[in-house]
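Novice: Have a look at this one.
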Amino acid sequence: MTFSGRLGPDAIRTRAETDVVVCGGGTAGAIAAIAAARTGARVLLLDQYGRLGGMASTGMSFLGVSDAGGRRALGGIGAELFERLERLGAALADRPDRQVGSVTVADPMVLQQTLLAMLIDAGTQFLLHTFCAEVMLEDRGLHRLVVANKAGLELVRARTIVDATGDGDIAARAGARFVLGRTPDAAMQPVTRIFRVAGVDVGAMFAYLRAHPDQMDLPERWDGSSYTSDDLAAASVVMDAFPALVAEARQAGEFDVPRDRIGVETGPLPGVVTINATRVHGIDGTDPDALSGAEIETQRQMFQVFQFLRRRVPGFQHAWLVDAAYQVGVRETRHILGEYVLTLGDVLGGKDFPDAVARGAYPVDLHDIRPGADVLGSRVDGGGVTLRKIVRAYGIPVRCLIPATIDGVVVAGRAISASHEAAGSVRGQAVCMATGHAAGTLAALSASGGVAPRGVAVGRLQTVLRDQGAILA
Ligand SMILES: Cc1cc2nc3c(=O)[nH]c(=O)nc-3n(C[C@H](O)[C@H](O)[C@H](O)COP(=O)(O)OP(=O)(O)OC[C@H]3O[C@@H](n4cnc5c(N)ncnc54)[C@H](O)[C@@H]3O)c2cc1C
């Protein structure tokens with residue numbers, strides 16, 4: 001049998017080399033591209049989709065911008081983004097919270113536009129609708145990517161590459177060592193499709209919760225005083241609520257999602273809430289077949305949860321579904337191993353490192369690996385989620401951003417070098433923005449200095465990051 005086709009070297013077009021290519025324009029990658037461009041690099045930002053902001057653009061609140069002791073952990077470009085959004089009336093300032101540090105909410109549409117404006121102002125070039133599929137390694141140096149898009153295959157060349165794909169796709173293709181999910185069984189946190197509903201009578205929802213105080217936990221401020229539901233109605237709330245209503249619906253055969261309460265987040269838009277309630281266990285987000293199944297199942301669950309809200313939850317009777325996340329949300333896949341692996345002890349102990357390039361304060365947020373499964377040595381807390389607060393923000397060493405065995409690539413976002421448990425905190429949006437900032441600046445310094453990322457002097461990197469407003473200690 002003979003085959004004909006164009007899969008030889010001639011089938012691949014070659015793009016002119018640039019200083020820094022950022023793969024993935026999500027939570028970490030968009031910030032990394034701004035950072036690299038502001039540090040003087042010519043930057044090309046690639047993404048498989050046509051929009052930027054990744055999971056941070058789906059309407060979820062940013063927890064842990066400050067730690068549970070009230071100390072700010074996120075500065076730099078991430079903080080600048082929130083300041084811009086506040087000036088536009090599209091974000092509410094951090095609300096102190098003793099469990100999750102702080103809650104910052106933003107309008108996801110304005111967030112996307114603001115990120116785009118910051119990227120354009122910084123001089124970033126874009127290559128969207130482009131999937132990074134393969135890499136070409138020279139010895140241990142990674143400077144070439146094979147991407148696929150409407151025009152076929154293309155070779156993209158850069159002095160330094162930032163892997164901000166969330167899954168560590170680039171580093172893994174290059175042969176970097178990684179751990180998938182939890183050690184030793186490779187189990188991963190469940191996946192969830194986030195969606196938003198509008199037309200919610202938030203006052204009626206809180207009136208119900210006031211009359212049924214067992215249907216939500218009221219959070220506390222940093223000083224330990226409890227919020228009232230009136231405080232939250234006027235600001236923002238992130239809650240797991242309505243267990244009795246979920247139980248009734250399950251009893252009536254209307255609800256089969258493996259969650260016993262509904263995650264509800266209010267934001268700056270009147271009557272619009274973000275819902276975090278769908279859940280599929282046992283999905284490997286690096287397996288396209290598993291991912292396809294999860295896309296279908298979470299869409300089915302989304303409509304079921306929406307119907308439940310309309311039918312049974314006070315305040316939602318006239319609500320409608322306005323927005324579903326662009327893809328199923330994957331909490332965890334690969335952890336790319338650097339010369340240091342961040343541990344649960346580091347994260348909960350607020351550890352400082354001499355080579356810190358970012359800080360984290362998002363709580364350790366672990367969802368049940370299997371329904372009701374053990375997390376951190378105990379049964380999961382209510383709602384299938386175990387949260388551990390970060391009393392003092394921890395440092396993230398630059399060694400967690402550089403794959404141990406290859407050169408030319410820096411990792412940003414949820415795939416950085418951390419254990420399964422520590423990654424429960426590192427994956428928070430504010431932390432991903434901080435590691436994105438550090439990775440982009442490191443990549444630019446590596447490209448301009450003609451050295452591998454591990455060859456960039458840490459002191460110099462820290463000075464540039466501090467000058468850019470990043471908080472390192
Ligand atoms: C369901 C769910 C709920 C969460 N809740 C919260 C919350 O309430 N608060 C909070 O702070 N955090 C929350 N998180 C965590 C947080 O949203 C994410 O961990 C974080 O946003 C990940 O950032 P990232 O930049 O690493 O990845 P992403 O934001 O996912 O960005 C990755 C980008 O890379 C692109 N990409 C991926 N692979 C390729 C490829 N091969 N080629 C080209 N492009 C590619 C994607 O299109 C995407 O734009 C939640 C996460 C999930 C899944």
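Convention: chains lettered A, B, ... in structure tokens order; per-chain residue numbering from 1; ligands numbered from 1 as shown.
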Counting only C-alpha atoms and all ligand atoms, what residues are within 7 Å of ligand 1, given as a short mmCIF file (atom, residue, chain, number, x, y, z; two decimals) with all heavy atoms, in the first residue's frame?

Specialist:
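The resulting file, part07.cif, is shown below:
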```cif
data_model
loop_
_atom_site.label_atom_id
_atom_site.label_comp_id
_atom_site.auth_asym_id
_atom_site.auth_seq_id
_atom_site.Cartn_x
_atom_site.Cartn_y
_atom_site.Cartn_z
N CYS A 23 3.78 29.95 25.56
CA CYS A 23 2.77 28.98 25.11
C CYS A 23 1.65 28.95 26.13
O CYS A 23 1.86 28.51 27.26
CB CYS A 23 3.35 27.59 25.00
SG CYS A 23 4.62 27.52 23.80
N GLY A 24 0.48 29.43 25.74
CA GLY A 24 -0.66 29.48 26.64
C GLY A 24 -0.88 30.90 27.13
O GLY A 24 -0.04 31.46 27.84
N GLY A 25 -2.00 31.48 26.71
CA GLY A 25 -2.31 32.87 27.11
C GLY A 25 -3.33 32.92 28.22
O GLY A 25 -4.23 33.74 28.22
N GLY A 26 -3.19 31.98 29.18
CA GLY A 26 -4.17 31.91 30.28
C GLY A 26 -3.79 32.79 31.45
O GLY A 26 -3.16 33.84 31.29
N THR A 27 -4.17 32.35 32.63
CA THR A 27 -3.97 33.11 33.85
C THR A 27 -2.51 33.50 34.01
O THR A 27 -2.18 34.67 34.25
CB THR A 27 -4.40 32.24 35.06
OG1 THR A 27 -5.62 31.57 34.74
CG2 THR A 27 -4.58 33.07 36.30
N ALA A 28 -1.61 32.52 33.90
CA ALA A 28 -0.19 32.78 34.07
C ALA A 28 0.43 33.33 32.79
O ALA A 28 1.25 34.26 32.83
CB ALA A 28 0.53 31.49 34.48
N GLY A 29 0.04 32.76 31.64
CA GLY A 29 0.72 33.09 30.39
C GLY A 29 0.50 34.52 29.94
O GLY A 29 1.43 35.17 29.42
N LEU A 46 1.22 32.49 22.16
CA LEU A 46 0.44 31.48 21.43
C LEU A 46 -0.69 30.95 22.30
O LEU A 46 -0.49 30.71 23.47
CB LEU A 46 1.30 30.24 21.14
CG LEU A 46 2.54 30.29 20.30
CD1 LEU A 46 3.08 28.86 20.16
CD2 LEU A 46 2.21 30.83 18.95
N ASP A 47 -1.84 30.72 21.71
CA ASP A 47 -2.87 29.98 22.44
C ASP A 47 -3.74 29.20 21.47
O ASP A 47 -3.96 29.61 20.33
CB ASP A 47 -3.75 30.91 23.28
CG ASP A 47 -4.46 30.13 24.40
OD1 ASP A 47 -5.48 29.45 24.13
OD2 ASP A 47 -3.95 30.16 25.54
N GLN A 48 -4.26 28.08 21.97
CA GLN A 48 -5.12 27.23 21.15
C GLN A 48 -6.48 27.88 20.90
O GLN A 48 -7.19 27.49 19.97
CB GLN A 48 -5.32 25.87 21.81
CG GLN A 48 -5.99 25.95 23.17
CD GLN A 48 -6.09 24.60 23.86
OE1 GLN A 48 -6.29 23.59 23.21
NE2 GLN A 48 -5.96 24.59 25.17
N TYR A 49 -6.86 28.83 21.74
CA TYR A 49 -8.17 29.49 21.60
C TYR A 49 -7.99 30.92 21.09
O TYR A 49 -6.87 31.40 20.96
CB TYR A 49 -8.91 29.51 22.93
CG TYR A 49 -9.19 28.13 23.50
CD1 TYR A 49 -8.84 27.80 24.79
CD2 TYR A 49 -9.81 27.14 22.72
CE1 TYR A 49 -9.09 26.54 25.32
CE2 TYR A 49 -10.06 25.88 23.23
CZ TYR A 49 -9.69 25.58 24.53
OH TYR A 49 -9.95 24.33 25.03
N LEU A 52 -8.09 35.30 25.66
CA LEU A 52 -7.00 35.23 26.63
C LEU A 52 -7.55 35.25 28.05
O LEU A 52 -8.69 35.61 28.29
CB LEU A 52 -6.05 36.41 26.40
CG LEU A 52 -5.46 36.42 24.98
CD1 LEU A 52 -4.77 37.74 24.69
CD2 LEU A 52 -4.49 35.26 24.80
N GLY A 53 -6.71 34.85 28.97
CA GLY A 53 -7.10 34.88 30.39
C GLY A 53 -7.33 33.50 30.97
O GLY A 53 -7.38 33.34 32.18
N GLY A 54 -7.51 32.48 30.12
CA GLY A 54 -7.65 31.11 30.61
C GLY A 54 -8.71 30.97 31.67
O GLY A 54 -9.78 31.59 31.61
N MET A 55 -8.43 30.16 32.67
CA MET A 55 -9.42 29.88 33.71
C MET A 55 -9.80 31.15 34.47
O MET A 55 -10.89 31.25 35.02
CB MET A 55 -8.90 28.82 34.69
CG MET A 55 -8.97 27.40 34.16
SD MET A 55 -10.63 26.91 33.62
CE MET A 55 -11.50 26.89 35.17
N ALA A 56 -8.90 32.13 34.51
CA ALA A 56 -9.21 33.38 35.23
C ALA A 56 -10.28 34.19 34.51
O ALA A 56 -10.79 35.17 35.07
CB ALA A 56 -7.95 34.22 35.41
N MET A 60 -14.59 33.23 38.14
CA MET A 60 -14.36 32.79 39.53
C MET A 60 -13.62 33.88 40.30
O MET A 60 -12.86 34.65 39.71
CB MET A 60 -13.53 31.52 39.55
CG MET A 60 -14.27 30.34 39.00
SD MET A 60 -13.25 28.88 39.06
CE MET A 60 -11.98 29.25 37.89
N SER A 61 -13.82 33.88 41.61
CA SER A 61 -13.14 34.90 42.40
C SER A 61 -11.67 34.54 42.60
O SER A 61 -11.28 33.37 42.53
CB SER A 61 -13.84 35.05 43.75
OG SER A 61 -14.00 33.79 44.32
N PHE A 62 -10.89 35.58 42.85
CA PHE A 62 -9.45 35.42 43.11
C PHE A 62 -9.28 35.36 44.62
O PHE A 62 -9.50 36.35 45.30
CB PHE A 62 -8.69 36.61 42.53
CG PHE A 62 -8.75 36.68 41.03
CD1 PHE A 62 -9.90 37.14 40.39
CD2 PHE A 62 -7.69 36.26 40.25
CE1 PHE A 62 -9.98 37.19 39.00
CE2 PHE A 62 -7.76 36.29 38.87
CZ PHE A 62 -8.91 36.76 38.24
N LEU A 63 -8.96 34.19 45.12
CA LEU A 63 -8.76 34.03 46.56
C LEU A 63 -7.27 34.15 46.85
O LEU A 63 -6.43 33.86 45.99
CB LEU A 63 -9.27 32.65 47.01
CG LEU A 63 -10.68 32.27 46.53
CD1 LEU A 63 -11.04 30.87 47.02
CD2 LEU A 63 -11.70 33.29 46.98
N THR A 130 -3.79 28.38 17.74
CA THR A 130 -2.56 27.65 17.41
C THR A 130 -2.22 26.74 18.58
O THR A 130 -2.07 27.20 19.71
CB THR A 130 -1.43 28.65 17.13
OG1 THR A 130 -1.79 29.40 15.96
CG2 THR A 130 -0.11 27.95 16.90
N PHE A 131 -2.12 25.46 18.29
CA PHE A 131 -1.87 24.46 19.33
C PHE A 131 -0.41 24.03 19.28
O PHE A 131 0.11 23.68 18.22
CB PHE A 131 -2.79 23.25 19.09
CG PHE A 131 -2.77 22.27 20.23
CD1 PHE A 131 -3.53 22.51 21.37
CD2 PHE A 131 -2.00 21.12 20.17
CE1 PHE A 131 -3.51 21.62 22.44
CE2 PHE A 131 -1.98 20.22 21.23
CZ PHE A 131 -2.74 20.47 22.37
N CYS A 132 0.27 24.07 20.41
CA CYS A 132 1.66 23.60 20.48
C CYS A 132 1.61 22.08 20.60
O CYS A 132 1.15 21.54 21.62
CB CYS A 132 2.37 24.16 21.71
SG CYS A 132 2.36 25.94 21.78
N ALA A 133 2.05 21.40 19.57
CA ALA A 133 1.86 19.95 19.52
C ALA A 133 3.13 19.17 19.80
O ALA A 133 3.09 18.08 20.36
CB ALA A 133 1.32 19.56 18.14
N ALA A 164 3.23 27.88 29.67
CA ALA A 164 2.11 28.32 30.52
C ALA A 164 0.84 27.60 30.08
O ALA A 164 -0.25 28.17 30.09
CB ALA A 164 1.94 29.83 30.44
N THR A 165 0.99 26.34 29.66
CA THR A 165 -0.16 25.58 29.17
C THR A 165 -1.01 25.01 30.30
O THR A 165 -2.03 24.39 30.06
CB THR A 165 0.30 24.41 28.27
OG1 THR A 165 1.16 23.56 29.04
CG2 THR A 165 1.04 24.90 27.04
N GLY A 166 -0.58 25.18 31.53
CA GLY A 166 -1.31 24.62 32.68
C GLY A 166 -1.00 23.15 32.90
O GLY A 166 -0.93 22.69 34.04
N ASP A 167 -0.78 22.43 31.83
CA ASP A 167 -0.50 20.99 31.90
C ASP A 167 0.98 20.68 31.72
O ASP A 167 1.35 19.49 31.67
CB ASP A 167 -1.29 20.25 30.81
CG ASP A 167 -2.79 20.41 31.00
OD1 ASP A 167 -3.27 20.19 32.12
OD2 ASP A 167 -3.48 20.77 30.02
N ASP A 169 2.57 20.97 28.97
CA ASP A 169 2.65 20.24 27.69
C ASP A 169 4.03 20.34 27.05
O ASP A 169 4.56 19.35 26.53
CB ASP A 169 1.64 20.83 26.68
CG ASP A 169 0.21 20.40 26.94
OD1 ASP A 169 -0.03 19.64 27.90
OD2 ASP A 169 -0.68 20.84 26.18
N VAL A 191 -12.59 17.28 37.74
CA VAL A 191 -12.76 18.41 36.82
C VAL A 191 -14.17 18.99 36.97
O VAL A 191 -15.09 18.29 37.41
CB VAL A 191 -12.50 18.00 35.36
CG1 VAL A 191 -11.09 17.46 35.19
CG2 VAL A 191 -13.53 16.97 34.88
N THR A 192 -14.31 20.25 36.58
CA THR A 192 -15.58 20.97 36.79
C THR A 192 -15.77 22.00 35.68
O THR A 192 -14.81 22.70 35.33
CB THR A 192 -15.52 21.74 38.14
OG1 THR A 192 -15.50 20.80 39.20
CG2 THR A 192 -16.71 22.69 38.33
N ARG A 193 -16.98 22.09 35.13
CA ARG A 193 -17.27 23.21 34.22
C ARG A 193 -17.92 24.33 35.02
O ARG A 193 -18.93 24.14 35.68
CB ARG A 193 -18.21 22.79 33.08
CG ARG A 193 -18.49 23.96 32.11
CD ARG A 193 -19.40 23.52 30.99
NE ARG A 193 -18.77 22.47 30.21
CZ ARG A 193 -17.89 22.66 29.22
NH1 ARG A 193 -17.56 23.88 28.87
NH2 ARG A 193 -17.38 21.64 28.58
N ILE A 194 -17.31 25.49 34.97
CA ILE A 194 -17.83 26.68 35.62
C ILE A 194 -18.85 27.32 34.68
O ILE A 194 -18.68 27.31 33.47
CB ILE A 194 -16.67 27.68 35.89
CG1 ILE A 194 -15.62 27.05 36.82
CG2 ILE A 194 -17.18 29.00 36.43
CD1 ILE A 194 -16.09 26.79 38.23
N ASN A 276 -20.13 26.99 40.66
CA ASN A 276 -19.08 25.96 40.65
C ASN A 276 -19.71 24.72 41.28
O ASN A 276 -19.74 24.57 42.49
CB ASN A 276 -17.89 26.48 41.49
CG ASN A 276 -16.74 25.49 41.58
OD1 ASN A 276 -16.92 24.30 41.33
ND2 ASN A 276 -15.58 25.97 41.97
N GLY A 329 -13.00 22.75 33.31
CA GLY A 329 -11.90 23.23 34.13
C GLY A 329 -11.11 22.07 34.72
O GLY A 329 -11.67 21.21 35.41
N VAL A 330 -9.82 22.04 34.44
CA VAL A 330 -8.94 20.96 34.93
C VAL A 330 -8.13 21.52 36.10
O VAL A 330 -7.40 22.50 35.94
CB VAL A 330 -8.02 20.48 33.79
CG1 VAL A 330 -7.04 19.44 34.29
CG2 VAL A 330 -8.86 19.94 32.63
N ARG A 331 -8.28 20.90 37.26
CA ARG A 331 -7.57 21.43 38.44
C ARG A 331 -6.12 20.98 38.53
O ARG A 331 -5.30 21.64 39.10
CB ARG A 331 -8.30 20.98 39.72
CG ARG A 331 -9.65 21.62 39.90
CD ARG A 331 -10.27 21.29 41.25
NE ARG A 331 -11.48 22.07 41.43
CZ ARG A 331 -12.68 21.73 40.98
NH1 ARG A 331 -12.85 20.59 40.35
NH2 ARG A 331 -13.71 22.52 41.18
N TYR A 362 -2.98 31.49 48.25
CA TYR A 362 -4.24 30.78 47.97
C TYR A 362 -4.31 29.57 48.90
O TYR A 362 -3.30 28.87 49.08
CB TYR A 362 -4.25 30.34 46.50
CG TYR A 362 -5.53 29.67 46.03
CD1 TYR A 362 -6.64 30.41 45.68
CD2 TYR A 362 -5.60 28.28 45.91
CE1 TYR A 362 -7.80 29.80 45.23
CE2 TYR A 362 -6.76 27.66 45.47
CZ TYR A 362 -7.86 28.43 45.13
OH TYR A 362 -9.01 27.83 44.69
N ALA A 412 5.30 28.22 34.09
CA ALA A 412 4.51 29.16 34.90
C ALA A 412 3.14 28.55 35.12
O ALA A 412 2.67 27.74 34.32
CB ALA A 412 4.36 30.48 34.15
N GLY A 413 2.48 28.95 36.22
CA GLY A 413 1.10 28.51 36.44
C GLY A 413 1.01 27.22 37.21
O GLY A 413 1.91 26.85 37.97
N ARG A 414 -0.09 26.48 36.98
CA ARG A 414 -0.38 25.36 37.89
C ARG A 414 0.52 24.16 37.74
O ARG A 414 0.47 23.24 38.54
CB ARG A 414 -1.86 24.97 37.80
CG ARG A 414 -2.28 24.27 36.54
CD ARG A 414 -3.71 23.77 36.66
NE ARG A 414 -4.31 23.53 35.36
CZ ARG A 414 -4.12 22.43 34.63
NH1 ARG A 414 -3.36 21.45 35.08
NH2 ARG A 414 -4.70 22.31 33.45
N ALA A 415 1.37 24.11 36.68
CA ALA A 415 2.23 22.94 36.47
C ALA A 415 3.62 23.09 37.09
O ALA A 415 4.47 22.23 36.89
CB ALA A 415 2.36 22.66 34.96
N ARG A 427 -1.99 26.36 42.49
CA ARG A 427 -2.88 26.47 41.32
C ARG A 427 -3.82 27.67 41.40
O ARG A 427 -4.51 27.98 40.43
CB ARG A 427 -3.68 25.18 41.15
CG ARG A 427 -4.76 24.98 42.20
CD ARG A 427 -5.41 23.62 42.10
NE ARG A 427 -6.54 23.49 43.02
CZ ARG A 427 -7.79 23.85 42.73
NH1 ARG A 427 -8.08 24.33 41.53
NH2 ARG A 427 -8.74 23.72 43.61
N GLY A 428 -3.90 28.36 42.54
CA GLY A 428 -4.80 29.51 42.68
C GLY A 428 -4.44 30.59 41.66
O GLY A 428 -3.27 30.77 41.30
N GLN A 429 -5.45 31.31 41.22
CA GLN A 429 -5.24 32.28 40.13
C GLN A 429 -4.22 33.36 40.50
O GLN A 429 -3.37 33.72 39.68
CB GLN A 429 -6.58 32.92 39.75
CG GLN A 429 -7.46 31.91 39.06
CD GLN A 429 -8.93 32.30 38.95
OE1 GLN A 429 -9.68 31.63 38.28
NE2 GLN A 429 -9.34 33.36 39.60
N ALA A 430 -4.29 33.86 41.74
CA ALA A 430 -3.34 34.91 42.14
C ALA A 430 -1.92 34.36 42.13
O ALA A 430 -0.97 35.05 41.74
CB ALA A 430 -3.71 35.45 43.52
N CYS A 432 -0.82 31.84 40.27
CA CYS A 432 -0.44 31.64 38.86
C CYS A 432 -0.02 32.97 38.23
O CYS A 432 0.91 33.01 37.41
CB CYS A 432 -1.60 31.02 38.07
SG CYS A 432 -1.91 29.29 38.49
#
```

Novice: Pick out the residues sitting within 12 Å of range 339-346 of chain A, and hand them over as a VMD selection string; count only C-alpha atoms, and ignore anything fewer than 2 positions along from it in its own chain.

Specialist: chain A and resid 176 to 179 335 to 337 348 to 353 355 to 356 359 to 361 363 to 366 376 388 to 406 415 to 426 454

Novice: Run DSSP on the backbone and tell me which residues of range 150-348 of chain A come out as strand (DSSP E or B); list them as JSON, numbers by chain.

Specialist: {"A": [152, 153, 154, 155, 156, 157, 158, 159, 160, 161, 162, 163, 178, 179, 180, 191, 192, 195, 196, 197, 198, 220, 226, 238, 239, 240, 241, 262, 263, 264, 265, 266, 273, 274, 275, 276, 280, 320, 321, 322, 323, 324, 329, 334, 335, 336, 338, 342]}

Novice: Considering only C-alpha atoms, return as a ChimeraX atom specification whatever protein or nucleic-acid residues lie within 6 Å of Val65 in chain A, sequence-local ones (same chain, fewer than 4 positions apart) excluded.

Specialist: /A:73-74,102,430

Novice: Show which residues sit within 10 Å of Met205 in chain A, as a PyMOL selection string. Count only C-alpha atoms, and ignore same-chain residues fewer than 2 positions away.

Specialist: chain A and resi 200-203+207-210+233+313-316

Novice: Using Å and a single decimal, report how far CA of Thr386 in chain A sits from CA of Asp214 in chain A.

Specialist: 18.6 Å

Novice: Interatomic distance between CA of Ile34 in chain A and CA of Arg71 in chain A?

Specialist: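 Going from CA of Ile34 in chain A over to CA of Arg71 in chain A, I get 25.1 Å.
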
Novice: Could you pull out all residues of range 61-289 of chain A with a DSSP call of alpha helix (DSSP H) and give them as a PyMOL selection string?

Specialist: chain A and resi 76-87+108-122+169-173+202-211+229-234+243-251+288-289

Novice: What is the CA of Phe82 in chain A-CA of Asp107 in chain A distance in Å, reported with one decimal?

Specialist: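 Separation of CA of Phe82 in chain A and CA of Asp107 in chain A: 10.5 Å.
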
Novice: Within 8 Å of range 438-449 of chain A, counting only C-alpha atoms, which residues show up once you throw out same-chain ones fewer than 2 positions away? Write them as a ChimeraX atom specification, please.

Specialist: /A:19-20,31-37,39-41,159-162,357-358,401,409-412,434-436,451-453,455-456,461,464-465

Novice: Check the smallest atom-to-atom distance from each of A:Ala30, A:Ala91, A:Val272, A:Leu85 to His318 in chain A using only C-alpha atoms, then report the winner.

Specialist: A:Val272

Novice: With only C-alpha atoms as the basis for distance, which of A:Glu248, A:Asp289, A:Asp407, A:Asp97 is at the shortest distance from Leu232 in chain A?

Specialist: A:Asp97

Novice: Can you tell me, as number ranges by chain, what residues are no more than 9 Å from Glu265 in chain A when counting only C-alpha atoms, ignoring any on the same chain fewer than 6 positions away?

Specialist: A: 59-61, 105, 236-240, 272-276

Novice: Take the selection from the previous step and output its residues with all heavy atoms, as a short mmCIF file (atom, residue, chain, number, x, y, z; two decimals), in the first residue's frame.

Specialist:
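What follows is the written file out_6.cif:
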```cif
data_model
loop_
_atom_site.label_atom_id
_atom_site.label_comp_id
_atom_site.auth_asym_id
_atom_site.auth_seq_id
_atom_site.Cartn_x
_atom_site.Cartn_y
_atom_site.Cartn_z
N GLY A 59 -14.93 33.81 35.47
CA GLY A 59 -15.82 34.46 36.44
C GLY A 59 -15.64 34.00 37.87
O GLY A 59 -16.44 34.37 38.73
N MET A 60 -14.59 33.23 38.14
CA MET A 60 -14.36 32.79 39.53
C MET A 60 -13.62 33.88 40.30
O MET A 60 -12.86 34.65 39.71
CB MET A 60 -13.53 31.52 39.55
CG MET A 60 -14.27 30.34 39.00
SD MET A 60 -13.25 28.88 39.06
CE MET A 60 -11.98 29.25 37.89
N SER A 61 -13.82 33.88 41.61
CA SER A 61 -13.14 34.90 42.40
C SER A 61 -11.67 34.54 42.60
O SER A 61 -11.28 33.37 42.53
CB SER A 61 -13.84 35.05 43.75
OG SER A 61 -14.00 33.79 44.32
N VAL A 105 -13.18 39.96 43.45
CA VAL A 105 -14.03 39.52 42.35
C VAL A 105 -13.93 40.50 41.20
O VAL A 105 -13.75 41.69 41.40
CB VAL A 105 -15.51 39.36 42.80
CG1 VAL A 105 -15.68 38.13 43.66
CG2 VAL A 105 -16.01 40.58 43.51
N SER A 236 -19.30 40.68 48.30
CA SER A 236 -19.17 39.49 47.47
C SER A 236 -19.16 38.29 48.39
O SER A 236 -18.78 38.38 49.55
CB SER A 236 -17.85 39.52 46.70
OG SER A 236 -16.77 39.60 47.63
N VAL A 237 -19.62 37.17 47.87
CA VAL A 237 -19.59 35.96 48.67
C VAL A 237 -19.06 34.81 47.82
O VAL A 237 -19.28 34.77 46.61
CB VAL A 237 -21.00 35.63 49.23
CG1 VAL A 237 -21.97 35.28 48.12
CG2 VAL A 237 -20.93 34.47 50.23
N VAL A 238 -18.30 33.93 48.45
CA VAL A 238 -17.89 32.66 47.84
C VAL A 238 -18.35 31.61 48.83
O VAL A 238 -17.87 31.58 49.96
CB VAL A 238 -16.36 32.57 47.71
CG1 VAL A 238 -15.94 31.24 47.11
CG2 VAL A 238 -15.84 33.71 46.86
N MET A 239 -19.32 30.80 48.46
CA MET A 239 -19.86 29.87 49.45
C MET A 239 -20.24 28.54 48.81
O MET A 239 -20.53 28.47 47.62
CB MET A 239 -21.11 30.48 50.11
CG MET A 239 -22.24 30.78 49.14
SD MET A 239 -23.64 31.54 49.99
CE MET A 239 -24.75 31.89 48.62
N ASP A 240 -20.24 27.50 49.65
CA ASP A 240 -20.83 26.22 49.28
C ASP A 240 -22.13 26.15 50.04
O ASP A 240 -22.11 26.10 51.28
CB ASP A 240 -19.89 25.07 49.67
CG ASP A 240 -18.77 24.90 48.66
OD1 ASP A 240 -19.02 25.17 47.47
OD2 ASP A 240 -17.67 24.52 49.05
N VAL A 272 -25.76 38.72 38.72
CA VAL A 272 -24.99 37.71 37.99
C VAL A 272 -24.15 36.92 38.99
O VAL A 272 -23.43 37.51 39.79
CB VAL A 272 -24.07 38.36 36.94
CG1 VAL A 272 -23.27 37.28 36.19
CG2 VAL A 272 -24.88 39.20 35.96
N VAL A 273 -24.26 35.59 38.97
CA VAL A 273 -23.45 34.78 39.88
C VAL A 273 -22.74 33.67 39.09
O VAL A 273 -23.21 33.23 38.05
CB VAL A 273 -24.29 34.13 41.02
CG1 VAL A 273 -25.01 35.18 41.85
CG2 VAL A 273 -25.26 33.11 40.49
N THR A 274 -21.60 33.30 39.63
CA THR A 274 -20.81 32.20 39.05
C THR A 274 -21.13 30.93 39.83
O THR A 274 -21.19 30.96 41.07
CB THR A 274 -19.30 32.52 39.16
OG1 THR A 274 -19.05 33.75 38.47
CG2 THR A 274 -18.44 31.42 38.56
N ILE A 275 -21.33 29.84 39.11
CA ILE A 275 -21.69 28.56 39.75
C ILE A 275 -20.56 27.55 39.54
O ILE A 275 -20.13 27.29 38.42
CB ILE A 275 -23.01 28.00 39.15
CG1 ILE A 275 -24.16 29.02 39.30
CG2 ILE A 275 -23.36 26.66 39.80
CD1 ILE A 275 -24.58 29.32 40.72
N ASN A 276 -20.13 26.99 40.66
CA ASN A 276 -19.08 25.96 40.65
C ASN A 276 -19.71 24.72 41.28
O ASN A 276 -19.74 24.57 42.49
CB ASN A 276 -17.89 26.48 41.49
CG ASN A 276 -16.74 25.49 41.58
OD1 ASN A 276 -16.92 24.30 41.33
ND2 ASN A 276 -15.58 25.97 41.97
#
```

Novice: Nearest to Ala151 in chain A: which of A:Arg221, A:Glu86, A:Leu127, A:Arg259 is it, counting only C-alpha atoms?

Specialist: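 Ranked by minimum distance to Ala151 in chain A, first place goes to A:Leu127.
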